[in-house]
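Here is protein.cif, consisting of mmCIF, C-alpha atoms:
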data_my_file
loop_
_atom_site.label_atom_id
_atom_site.label_comp_id
_atom_site.auth_asym_id
_atom_site.auth_seq_id
_atom_site.Cartn_x
_atom_site.Cartn_y
_atom_site.Cartn_z
CA MET R 1 -214.35 -47.16 -34.25
CA SER R 2 -211.76 -45.59 -36.53
CA ARG R 3 -209.20 -43.14 -35.29
CA THR R 4 -208.73 -40.07 -37.45
CA LEU R 5 -205.13 -39.31 -38.27
CA PRO R 6 -204.11 -35.73 -37.55
CA ALA R 7 -203.61 -33.51 -40.57
CA ARG R 8 -199.96 -33.30 -41.54
CA ARG R 9 -198.03 -30.92 -43.70
CA VAL R 10 -196.03 -32.01 -46.71
CA ALA R 11 -192.34 -32.26 -45.97
CA ALA R 12 -190.11 -29.62 -47.51
CA PRO R 13 -188.24 -30.74 -50.63
CA VAL R 14 -184.78 -32.19 -50.14
CA PRO R 15 -181.93 -31.45 -52.55
CA VAL R 16 -181.76 -34.09 -55.26
CA ASP R 17 -179.51 -33.96 -58.28
CA PRO R 18 -181.49 -33.31 -61.45
CA ALA R 19 -182.32 -36.23 -63.68
CA PRO R 20 -180.05 -36.79 -66.67
CA ALA R 21 -180.97 -34.37 -69.42
CA GLY R 22 -180.10 -33.66 -73.03
CA ARG R 23 -179.60 -36.47 -75.50
CA GLY R 24 -177.50 -38.87 -73.47
CA PRO R 25 -178.15 -42.60 -73.87
CA LEU R 26 -180.00 -42.79 -70.54
CA ASP R 27 -182.16 -39.75 -71.19
CA VAL R 28 -185.76 -41.01 -71.28
CA LEU R 29 -188.48 -39.95 -73.68
CA GLY R 30 -191.68 -38.41 -72.42
CA VAL R 31 -194.48 -35.93 -73.00
CA PRO R 32 -193.97 -32.37 -71.69
CA GLY R 33 -196.33 -31.53 -68.86
CA GLN R 34 -197.12 -35.15 -68.01
CA VAL R 35 -195.67 -36.55 -64.78
CA ASN R 36 -194.95 -40.24 -65.16
CA LEU R 37 -194.76 -41.97 -61.79
CA ASP R 38 -195.60 -45.42 -63.13
CA TYR R 39 -192.16 -46.83 -63.92
CA ALA R 40 -192.84 -50.10 -62.11
CA ALA R 41 -195.54 -50.96 -64.65
CA THR R 42 -193.77 -49.78 -67.80
CA ALA R 43 -190.69 -47.58 -67.80
CA PRO R 44 -190.34 -44.91 -70.49
CA CYS R 45 -188.11 -45.52 -73.48
CA ALA R 46 -184.44 -44.67 -73.02
CA ARG R 47 -182.69 -42.72 -75.75
CA ALA R 48 -180.26 -45.61 -76.17
CA ALA R 49 -183.11 -47.98 -77.05
CA ALA R 50 -184.79 -45.57 -79.46
CA ASP R 51 -181.51 -44.75 -81.22
CA ALA R 52 -180.50 -48.40 -81.55
CA VAL R 53 -183.83 -49.28 -83.15
CA ALA R 54 -183.76 -46.27 -85.47
CA GLU R 55 -180.26 -47.19 -86.65
CA LEU R 56 -181.19 -50.79 -87.40
CA LEU R 57 -184.59 -50.23 -89.02
CA PRO R 58 -183.26 -49.54 -92.56
CA TRP R 59 -181.45 -52.88 -92.35
CA TYR R 60 -184.37 -54.76 -90.84
CA GLY R 61 -184.53 -58.29 -92.24
CA SER R 62 -184.61 -61.95 -91.32
CA VAL R 63 -182.57 -63.43 -88.49
CA HIS R 64 -180.78 -66.78 -89.00
CA ARG R 65 -182.64 -67.28 -92.27
CA GLY R 66 -180.86 -65.53 -95.10
CA ALA R 67 -177.57 -64.98 -96.90
CA GLY R 68 -178.20 -61.40 -97.95
CA ALA R 69 -176.53 -58.38 -96.40
CA LEU R 70 -179.64 -57.38 -94.44
CA SER R 71 -180.09 -60.85 -92.98
CA ARG R 72 -176.42 -61.15 -92.09
CA ARG R 73 -176.43 -57.80 -90.34
CA CYS R 74 -179.63 -58.56 -88.44
CA THR R 75 -178.37 -61.99 -87.38
CA LEU R 76 -175.17 -60.43 -86.09
CA ALA R 77 -177.12 -57.71 -84.27
CA TYR R 78 -179.38 -60.30 -82.63
CA GLU R 79 -176.56 -62.50 -81.39
CA ARG R 80 -174.55 -59.49 -80.23
CA ALA R 81 -177.61 -58.41 -78.28
CA ARG R 82 -177.72 -61.82 -76.62
CA GLN R 83 -174.06 -61.48 -75.64
CA ARG R 84 -174.48 -57.95 -74.29
CA VAL R 85 -177.53 -58.84 -72.23
CA GLY R 86 -175.72 -61.88 -70.89
CA ASP R 87 -172.75 -59.74 -69.91
CA PHE R 88 -175.09 -57.27 -68.20
CA LEU R 89 -176.61 -60.12 -66.17
CA GLY R 90 -173.24 -61.70 -65.32
CA VAL R 91 -174.03 -65.08 -66.84
CA ARG R 92 -171.66 -68.02 -66.54
CA PRO R 93 -169.90 -69.33 -69.68
CA ASP R 94 -172.27 -72.28 -70.14
CA ASP R 95 -175.51 -70.45 -69.29
CA HIS R 96 -178.24 -69.86 -71.87
CA VAL R 97 -179.68 -66.42 -72.59
CA ILE R 98 -183.12 -66.91 -74.10
CA PHE R 99 -185.19 -64.04 -75.45
CA THR R 100 -188.85 -64.10 -74.41
CA ARG R 101 -191.66 -61.55 -74.42
CA ASN R 102 -191.32 -60.44 -70.79
CA THR R 103 -190.69 -61.77 -67.28
CA THR R 104 -194.04 -63.56 -67.19
CA ASP R 105 -193.16 -65.36 -70.41
CA ALA R 106 -189.68 -66.20 -69.09
CA LEU R 107 -191.04 -67.74 -65.88
CA ASN R 108 -193.64 -69.71 -67.81
CA LEU R 109 -190.80 -71.07 -69.94
CA LEU R 110 -188.88 -72.07 -66.82
CA ALA R 111 -192.01 -73.75 -65.43
CA ARG R 112 -192.23 -75.80 -68.62
CA ALA R 113 -188.56 -76.76 -68.24
CA LEU R 114 -188.94 -77.95 -64.64
CA PRO R 115 -188.00 -81.65 -64.69
CA SER R 116 -190.74 -84.19 -64.17
CA GLY R 117 -191.52 -84.61 -60.49
CA GLY R 118 -189.84 -81.32 -59.61
CA LYS R 119 -191.08 -79.19 -56.74
CA VAL R 120 -191.24 -75.42 -56.50
CA VAL R 121 -191.03 -73.26 -53.38
CA THR R 122 -192.12 -69.64 -53.48
CA PHE R 123 -193.87 -67.03 -51.32
CA ALA R 124 -197.44 -65.74 -51.27
CA SER R 125 -195.96 -62.27 -51.68
CA GLU R 126 -194.95 -62.85 -55.29
CA HIS R 127 -196.24 -61.16 -58.43
CA HIS R 128 -198.71 -63.39 -60.26
CA ALA R 129 -195.97 -64.12 -62.80
CA ASN R 130 -194.13 -66.02 -60.06
CA LEU R 131 -197.24 -67.58 -58.54
CA LEU R 132 -199.41 -68.88 -61.35
CA PRO R 133 -197.07 -70.72 -63.78
CA TRP R 134 -195.87 -73.30 -61.25
CA PRO R 135 -197.38 -76.76 -60.61
CA VAL R 136 -200.46 -77.02 -58.41
CA ASP R 137 -198.50 -78.72 -55.62
CA THR R 138 -196.07 -75.81 -55.31
CA VAL R 139 -195.11 -74.93 -51.74
CA ARG R 140 -196.36 -71.37 -51.26
CA LEU R 141 -194.84 -69.96 -48.08
CA PRO R 142 -196.61 -67.28 -46.02
CA VAL R 143 -195.52 -63.68 -46.40
CA PRO R 144 -192.52 -63.22 -44.09
CA GLY R 145 -192.20 -60.32 -41.70
CA SER R 146 -188.52 -59.70 -42.43
CA ALA R 147 -185.71 -60.63 -44.77
CA ASP R 148 -184.23 -62.96 -42.16
CA ALA R 149 -187.59 -64.65 -41.72
CA ALA R 150 -187.73 -65.28 -45.47
CA VAL R 151 -184.39 -67.12 -45.37
CA ARG R 152 -185.47 -69.18 -42.37
CA ALA R 153 -188.74 -70.11 -44.06
CA VAL R 154 -187.01 -71.32 -47.22
CA ASP R 155 -184.48 -73.31 -45.20
CA ALA R 156 -187.24 -74.99 -43.15
CA ALA R 157 -189.38 -75.75 -46.21
CA LEU R 158 -186.48 -77.35 -48.06
CA ARG R 159 -185.44 -79.37 -45.03
CA GLU R 160 -188.97 -80.75 -44.83
CA LEU R 161 -189.11 -81.52 -48.56
CA ARG R 162 -185.82 -83.42 -48.35
CA ARG R 163 -186.80 -85.34 -45.22
CA GLY R 164 -186.78 -89.10 -45.85
CA THR R 165 -185.52 -88.74 -49.45
CA ASP R 166 -182.16 -89.26 -51.11
CA GLY R 167 -181.97 -85.52 -51.86
CA SER R 168 -181.84 -85.93 -55.63
CA ALA R 169 -185.33 -84.78 -56.64
CA PRO R 170 -185.25 -81.42 -58.46
CA ILE R 171 -186.45 -78.46 -56.40
CA LEU R 172 -186.64 -74.85 -57.53
CA VAL R 173 -186.95 -71.87 -55.18
CA ALA R 174 -188.43 -68.89 -57.06
CA VAL R 175 -188.42 -65.47 -55.40
CA THR R 176 -188.57 -61.82 -56.42
CA GLY R 177 -185.58 -59.53 -56.05
CA ALA R 178 -187.68 -56.44 -55.28
CA SER R 179 -191.39 -56.35 -54.59
CA ASN R 180 -193.53 -54.74 -57.26
CA VAL R 181 -195.92 -53.62 -54.51
CA THR R 182 -193.60 -52.10 -51.92
CA GLY R 183 -190.19 -51.92 -53.64
CA GLU R 184 -188.65 -53.78 -50.72
CA CYS R 185 -185.54 -55.77 -51.61
CA TRP R 186 -185.31 -59.47 -50.79
CA PRO R 187 -182.11 -61.16 -49.56
CA VAL R 188 -181.37 -62.84 -52.87
CA ALA R 189 -177.85 -64.11 -52.17
CA ASP R 190 -178.86 -65.51 -48.76
CA LEU R 191 -181.92 -67.21 -50.22
CA ALA R 192 -179.84 -68.73 -53.02
CA ARG R 193 -177.32 -70.07 -50.50
CA ALA R 194 -180.15 -71.60 -48.46
CA ALA R 195 -181.48 -73.28 -51.60
CA HIS R 196 -178.10 -74.66 -52.56
CA ARG R 197 -177.49 -76.06 -49.07
CA HIS R 198 -180.39 -78.40 -49.75
CA GLY R 199 -179.48 -79.20 -53.34
CA ALA R 200 -182.17 -76.93 -54.79
CA ARG R 201 -181.89 -74.33 -57.52
CA PHE R 202 -182.84 -70.69 -57.25
CA ALA R 203 -184.72 -68.55 -59.79
CA LEU R 204 -184.73 -64.77 -59.43
CA ASP R 205 -187.59 -62.66 -60.69
CA ALA R 206 -185.58 -59.50 -61.37
CA ALA R 207 -188.28 -57.55 -63.21
CA GLN R 208 -188.29 -54.79 -60.58
CA LEU R 209 -184.74 -55.16 -59.32
CA ALA R 210 -182.75 -54.97 -62.56
CA PRO R 211 -183.82 -51.40 -63.50
CA HIS R 212 -182.57 -50.10 -60.15
CA ALA R 213 -179.58 -52.23 -59.11
CA GLU R 214 -176.93 -54.49 -60.58
CA VAL R 215 -178.10 -58.07 -61.10
CA ASP R 216 -175.15 -60.44 -61.46
CA ILE R 217 -176.04 -64.12 -61.72
CA THR R 218 -172.55 -65.24 -60.80
CA ALA R 219 -172.06 -62.85 -57.87
CA LEU R 220 -175.51 -63.55 -56.42
CA GLY R 221 -175.14 -67.30 -56.91
CA VAL R 222 -178.55 -67.73 -58.56
CA ASP R 223 -179.33 -70.36 -61.17
CA TYR R 224 -181.87 -68.46 -63.29
CA VAL R 225 -182.91 -64.86 -63.71
CA ALA R 226 -185.88 -63.36 -65.55
CA VAL R 227 -186.19 -59.73 -66.65
CA SER R 228 -188.49 -57.57 -68.78
CA GLY R 229 -187.32 -55.07 -71.35
CA HIS R 230 -190.31 -52.80 -70.82
CA LYS R 231 -189.23 -52.23 -67.21
CA LEU R 232 -185.62 -51.68 -68.31
CA TYR R 233 -186.35 -48.69 -70.56
CA ALA R 234 -186.58 -50.86 -73.71
CA PRO R 235 -190.33 -50.99 -74.48
CA PHE R 236 -190.25 -53.21 -77.57
CA GLY R 237 -191.84 -56.39 -76.23
CA VAL R 238 -188.82 -58.38 -75.11
CA GLY R 239 -187.81 -60.28 -71.99
CA VAL R 240 -185.04 -62.68 -71.01
CA LEU R 241 -184.62 -65.95 -69.18
CA ALA R 242 -180.95 -66.57 -68.43
CA GLY R 243 -179.41 -69.45 -66.55
CA ARG R 244 -178.31 -73.04 -66.42
CA ALA R 245 -178.57 -74.95 -69.67
CA ASP R 246 -179.30 -78.53 -68.64
CA TRP R 247 -182.98 -78.21 -67.70
CA LEU R 248 -183.61 -75.99 -70.72
CA ASP R 249 -181.90 -78.33 -73.17
CA ALA R 250 -183.76 -81.36 -71.76
CA ALA R 251 -187.20 -79.73 -71.87
CA PRO R 252 -189.57 -79.88 -74.84
CA PRO R 253 -189.47 -76.63 -76.84
CA TYR R 254 -191.55 -73.88 -75.28
CA LEU R 255 -192.96 -73.20 -78.76
CA VAL R 256 -192.64 -75.50 -81.74
CA GLY R 257 -191.90 -74.32 -85.24
CA GLY R 258 -189.16 -72.87 -87.38
CA GLY R 259 -185.89 -72.21 -85.60
CA ALA R 260 -186.55 -74.70 -82.79
CA THR R 261 -185.59 -77.69 -84.96
CA ARG R 262 -182.41 -79.29 -86.26
CA THR R 263 -184.22 -81.64 -88.64
CA VAL R 264 -187.77 -82.57 -89.55
CA GLY R 265 -188.36 -85.93 -91.26
CA ALA R 266 -191.21 -87.22 -93.34
CA ALA R 267 -193.02 -88.76 -90.39
CA THR R 268 -195.21 -86.55 -88.22
CA HIS R 269 -193.10 -86.95 -85.10
CA ASP R 270 -189.72 -87.36 -86.78
CA VAL R 271 -188.27 -84.16 -85.36
CA GLY R 272 -184.85 -83.37 -83.98
CA TRP R 273 -185.03 -80.35 -81.70
CA ALA R 274 -182.25 -77.79 -81.47
CA ASP R 275 -180.14 -77.31 -78.36
CA GLY R 276 -179.26 -73.91 -76.97
CA PRO R 277 -181.44 -70.80 -76.86
CA GLY R 278 -182.93 -71.47 -80.29
CA ARG R 279 -184.75 -74.51 -78.88
CA HIS R 280 -187.13 -72.12 -77.11
CA GLU R 281 -187.17 -69.26 -79.63
CA ALA R 282 -189.30 -70.70 -82.43
CA GLY R 283 -190.48 -68.33 -85.14
CA THR R 284 -189.12 -64.99 -86.26
CA PRO R 285 -187.47 -63.44 -83.19
CA ASN R 286 -188.08 -60.00 -81.75
CA LEU R 287 -184.93 -58.48 -83.22
CA LEU R 288 -185.76 -54.87 -82.41
CA GLY R 289 -186.66 -55.72 -78.82
CA ALA R 290 -183.39 -57.60 -78.32
CA VAL R 291 -181.32 -54.80 -79.84
CA ALA R 292 -183.14 -52.15 -77.79
CA LEU R 293 -182.62 -54.05 -74.55
CA ALA R 294 -178.96 -54.67 -75.31
CA ALA R 295 -178.44 -50.97 -75.97
CA VAL R 296 -179.88 -50.03 -72.59
CA CYS R 297 -177.85 -52.74 -70.86
CA GLU R 298 -174.69 -51.40 -72.49
CA ALA R 299 -175.57 -47.82 -71.52
CA LEU R 300 -176.21 -48.80 -67.90
CA THR R 301 -172.94 -50.73 -67.78
CA SER R 302 -171.02 -47.67 -68.95
CA VAL R 303 -172.23 -45.31 -66.20
CA ASP R 304 -171.75 -45.06 -62.46
CA ARG R 305 -174.59 -47.27 -61.21
CA ALA R 306 -173.74 -46.39 -57.61
CA ALA R 307 -174.31 -42.70 -58.36
CA LEU R 308 -177.62 -43.47 -60.09
CA HIS R 309 -178.66 -45.56 -57.09
CA ALA R 310 -177.73 -42.81 -54.63
CA ARG R 311 -179.72 -40.23 -56.58
CA GLU R 312 -182.76 -42.50 -56.73
CA GLN R 313 -182.54 -43.29 -53.02
CA ALA R 314 -182.50 -39.59 -52.17
CA LEU R 315 -185.56 -39.01 -54.33
CA LEU R 316 -187.28 -42.06 -52.86
CA ALA R 317 -186.62 -40.83 -49.32
CA HIS R 318 -188.16 -37.48 -50.25
CA LEU R 319 -191.21 -39.21 -51.71
CA ARG R 320 -191.72 -41.44 -48.66
CA ALA R 321 -191.25 -38.54 -46.23
CA GLY R 322 -193.82 -36.51 -48.12
CA ILE R 323 -196.29 -39.38 -48.19
CA ALA R 324 -195.82 -39.90 -44.45
CA ALA R 325 -196.61 -36.23 -43.88
CA ALA R 326 -199.64 -36.09 -46.20
CA PRO R 327 -203.03 -36.10 -44.43
CA ASP R 328 -204.81 -39.47 -44.18
CA VAL R 329 -202.19 -41.28 -46.30
CA VAL R 330 -200.86 -44.67 -45.17
CA GLU R 331 -197.91 -46.46 -46.80
CA LEU R 332 -197.94 -50.22 -47.37
CA ARG R 333 -194.95 -52.33 -46.37
CA THR R 334 -194.00 -55.94 -45.75
CA PHE R 335 -190.78 -55.56 -43.78
CA GLY R 336 -189.65 -52.78 -41.45
CA PRO R 337 -189.94 -49.12 -42.48
CA ASP R 338 -186.17 -48.85 -42.97
CA SER R 339 -185.65 -52.02 -45.02
CA PRO R 340 -183.76 -51.55 -48.31
CA ARG R 341 -186.00 -50.82 -51.27
CA VAL R 342 -186.05 -49.56 -54.85
CA GLY R 343 -188.06 -46.62 -56.15
CA ILE R 344 -191.58 -47.96 -55.51
CA VAL R 345 -194.08 -46.77 -52.89
CA SER R 346 -197.63 -48.05 -52.48
CA PHE R 347 -200.13 -46.24 -50.28
CA VAL R 348 -203.78 -45.52 -49.64
CA VAL R 349 -205.72 -42.37 -48.87
CA ALA R 350 -208.12 -43.10 -46.02
CA GLY R 351 -211.73 -42.56 -46.92
CA ARG R 352 -210.99 -42.29 -50.64
CA ASP R 353 -211.43 -44.84 -53.41
CA SER R 354 -208.00 -45.43 -54.95
CA ALA R 355 -209.29 -45.51 -58.53
CA GLN R 356 -210.99 -42.14 -58.01
CA VAL R 357 -207.81 -40.67 -56.53
CA ALA R 358 -205.79 -41.93 -59.49
CA ALA R 359 -208.30 -40.45 -61.93
CA GLU R 360 -208.19 -37.10 -60.12
CA LEU R 361 -204.39 -37.07 -60.12
CA ALA R 362 -204.41 -37.73 -63.86
CA GLY R 363 -207.13 -35.25 -64.78
CA ARG R 364 -206.34 -32.36 -62.46
CA TRP R 365 -202.61 -32.71 -61.96
CA GLN R 366 -201.41 -34.63 -65.06
CA ILE R 367 -199.85 -37.28 -62.83
CA GLY R 368 -199.87 -40.90 -63.94
CA LEU R 369 -199.55 -43.66 -61.36
CA ARG R 370 -201.04 -47.11 -60.78
CA ASP R 371 -204.07 -48.10 -58.77
CA GLY R 372 -205.37 -51.57 -57.93
CA LEU R 373 -203.77 -54.69 -56.47
CA PHE R 374 -200.77 -54.67 -58.85
CA CYS R 375 -201.00 -58.27 -60.12
CA ALA R 376 -200.02 -59.39 -56.62
CA HIS R 377 -203.47 -59.85 -55.10
CA PRO R 378 -202.60 -62.05 -52.09
CA LEU R 379 -199.83 -59.69 -50.98
CA ALA R 380 -201.68 -56.44 -51.64
CA ARG R 381 -204.78 -57.57 -49.75
CA ARG R 382 -202.66 -58.66 -46.81
CA LEU R 383 -200.77 -55.36 -46.71
CA LEU R 384 -203.99 -53.37 -46.88
CA ALA R 385 -205.33 -55.27 -43.88
CA GLU R 386 -202.08 -54.73 -41.99
CA ALA R 387 -202.10 -51.01 -42.86
CA ALA R 388 -205.60 -50.70 -41.38
CA VAL R 389 -204.44 -52.26 -38.12
CA ARG R 390 -201.22 -50.25 -38.00
CA SER R 391 -202.97 -46.92 -38.65
CA GLY R 392 -206.08 -47.62 -36.60
CA ARG R 393 -208.25 -46.71 -39.58
CA ALA R 394 -211.35 -48.61 -40.54
CA ASP R 395 -211.90 -46.56 -43.70
CA LEU R 396 -209.02 -47.68 -45.89
CA PRO R 397 -210.07 -48.57 -49.46
CA PRO R 398 -209.83 -52.15 -50.80
CA THR R 399 -207.19 -51.24 -53.40
CA ALA R 400 -204.06 -49.10 -53.31
CA LEU R 401 -202.07 -46.51 -55.25
CA ARG R 402 -198.48 -46.98 -56.38
CA ALA R 403 -195.94 -44.30 -57.27
CA SER R 404 -192.72 -45.49 -58.88
CA ILE R 405 -189.68 -43.57 -60.06
CA GLY R 406 -186.62 -44.13 -62.22
CA LEU R 407 -184.08 -42.51 -64.51
CA GLY R 408 -186.21 -39.59 -65.67
CA SER R 409 -187.83 -38.75 -62.34
CA THR R 410 -187.22 -35.37 -60.70
CA THR R 411 -187.83 -33.64 -57.40
CA GLN R 412 -190.32 -31.35 -59.12
CA GLN R 413 -192.39 -34.33 -60.27
CA VAL R 414 -192.44 -35.85 -56.80
CA ASP R 415 -193.36 -32.49 -55.29
CA ARG R 416 -196.32 -32.20 -57.65
CA LEU R 417 -197.64 -35.53 -56.35
CA LEU R 418 -197.09 -34.50 -52.74
CA SER R 419 -198.86 -31.17 -53.34
CA ALA R 420 -201.76 -32.99 -54.93
CA LEU R 421 -202.08 -35.38 -51.98
CA ALA R 422 -202.00 -32.45 -49.53
CA THR R 423 -204.61 -30.42 -51.43
CA PRO R 424 -208.22 -30.76 -50.19
CA ARG R 425 -210.69 -32.19 -52.64
#
Render the structure in this file as structure tokens.
Amino acid sequence: MSRTLPARRVAAPVPVDPAPAGRGPLDVLGVPGQVNLDYAATAPCARAAADAVAELLPWYGSVHRGAGALSRRCTLAYERARQRVGDFLGVRPDDHVIFTRNTTDALNLLARALPSGGKVVTFASEHHANLLPWPVDTVRLPVPGSADAAVRAVDAALRELRRGTDGSAPILVAVTGASNVTGECWPVADLARAAHRHGARFALDAAQLAPHAEVDITALGVDYVAVSGHKLYAPFGVGVLAGRADWLDAAPPYLVGGGATRTVGAATHDVGWADGPGRHEAGTPNLLGAVALAAVCEALTSVDRAALHAREQALLAHLRAGIAAAPDVVELRTFGPDSPRVGIVSFVVAGRDSAQVAAELAGRWQIGLRDGLFCAHPLARRLLAEAAVRSGRADLPPTALRASIGLGSTTQQVDRLLSALATPR
């Protein structure tokens, strides 16, 4: 029998500095009256990205394929974007920075570059982008109960994989930096060290982490990192895979065609493939996406990231406190309630279908957020089951709601959501 949670009042607002306003580079575009709490799916466009694209559009032309002024300028802009994004990610001097469509595309590219016979270790808590591209014999570890448990699980799995071998077979550990379901941060540096102790490499899915915190390949000690422009306030269809060159240069091109070749002979298979990023960037590149992403990376590098983080954490604490106080609302979590996290909160309203709640929030309150299982079905289903046990409720819906915040979010927007959740149907 279910236990009914007592009705709770929404917590009073806490002081939070207002979001950046005006026409600064990190001001985000939006529609007046609409409350966007869906940053984890697609963040709004930053002014820096929009301005960079608008400035380049009159010059738009071919990249790497022309001698004219437009082509030269666009080629320079594209390669400068690669350098700026690499600087933002803290790449090593001999790393590659490859432009892709998004994080999913980047991880699929890395899966293609995995050497023959290579093994992959990941967790069942990953986004589908870090579950589905890997080989069928991938070691998928159970969802850990804590950050420390995650490190222990990776260490034990790698020790078992190396048992009775000479330790030379390629192994890749692929883990998220911040969960797209709960926002909880994973111990990236510790996991990378555990991987390296066993001669394995470490790939970081930074799609959710990079918009909220600094991601430095060198400082974290990771081998590869994947990010999406559309989550980094640059919604022009670009992503990045950055990291060690050897696997990427040895792999067949991700796509074949113009730009991926050095030479093509008369015979069908008489092809010399390019080395470097171009090997995996066949076809006309996404110049505007690269330039937009680089502009946002440069803008974020020029501001006080610690201050941005502190402001977001204050707003996140206000959001979580309000959700905890709202009647019949249960938050989802993997680790402890006080574990570090970015601006993402998933929850359910007991006795209510999540899709219907989302539709009501959109129609009645002009609030946009996500409902469903968030392209992380194994994790979301597990957390929903755990939430039912933890709350003592037997009437939790089979899918969840997710509110996510970022640069343009304000206390007033969060309060509108909390008021909506506290208002009877």
Two-atom distance - CA of Ala169 in chain R, CA of Ala376 in chain R (Å)
29.3 Å
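In terms of minimum interatomic distance to Pro235 in chain R, R:Asn286 ranks closest within R:Asn180, R:Asn286, R:Ser404, R:Thr411, counting only C-alpha atoms.
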Residues within 6 Å of range 241-257 of chain R, please, as a ChimeraX atom specification. Count only C-alpha atoms; anything in the same chain fewer than 3 positions from it doesn't count.
/R:95-98,106,113,223-226,260,275,279-280,282
Which is closest to Phe88 in chain R among R:Arg381, R:Ser339, R:Val215, R:Ala267, if we use all atoms listed in the file?
R:Val215
Starting from the displayed file, determine the output of the PyMOL selection byres ((chain R and resi 293) around 8) and express the residue list as a PyMOL selection string.
chain R and resi 49+81+85+229+232-234+238+289-292+294-297
Contacts of Gly24 in chain R at 10 Å (only C-alpha atoms; same-chain gap of 6+ positions) as a count of residues only
4
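Nearest residue to Ser228 in chain R, choosing from R:Gln356, R:Gln34, R:Thr182, R:Thr103 and counting all atoms listed in the file: R:Thr103.
You can rank R:Leu114, R:Leu89, R:Ala266, R:Ala310 by their closest distance to Ala206 in chain R using all atoms listed in the file, and at the top of that list sits R:Leu89.
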Evaluate the PyMOL selection byres ((chain R and resi 211-214) around 9) on the structure here and hand back the selected residues as a VMD selection string.
chain R and resid 43 88 to 89 206 to 210 215 to 216 231 to 233 305 to 306 308 to 309 312 342 to 343 406 to 407
Any chance you could resolve the PyMOL selection byres ((chain R and resi 121-130) around 8) against this file and give the residues as a PyMOL selection string?
chain R and resi 103-104+107-108+119-120+131-134+138-143+154+157+171-176+179-180+205+374-379
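For the residues R:Val188, R:Arg416, R:Ala178, R:Leu26, ranking by smallest atom-to-atom distance to Leu361 in chain R using all atoms listed in the file places R:Arg416 first.
Proximity of R:Asp415, R:Ala359, R:Arg425, R:Gly86 to His318 in chain R, computed with all atoms listed in the file, is greatest for R:Asp415.
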Residues within 9 Å of Arg320 in chain R, all atoms listed in the file, excluding chain neighbours under 5 positions, as a count of residues only:
4
Find the distance between CA of Leu383 in chain R and CA of Thr334 in chain R and write it in Å to one decimal.
6.9 Å
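Note that the spacing between CA of Phe202 in chain R and CA of Gly278 in chain R amounts to 23.1 Å.
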Mind checking which residues fall within 9 Å of Leu384 in chain R, counting all atoms listed in the file, ignoring those fewer than 6 positions away in the same chain, and posting them as a list in words?
Leu332, Phe347, Val348, Leu396, Pro397, Pro398, Thr399 and Ala400 of chain R
Skip Asp190 in chain R itself and residues of its chain fewer than 2 positions away, then list as a PyMOL selection string all residues within 10 Å of it, counting only C-alpha atoms.
chain R and resi 147-148+150-152+186-188+192-196+220-221
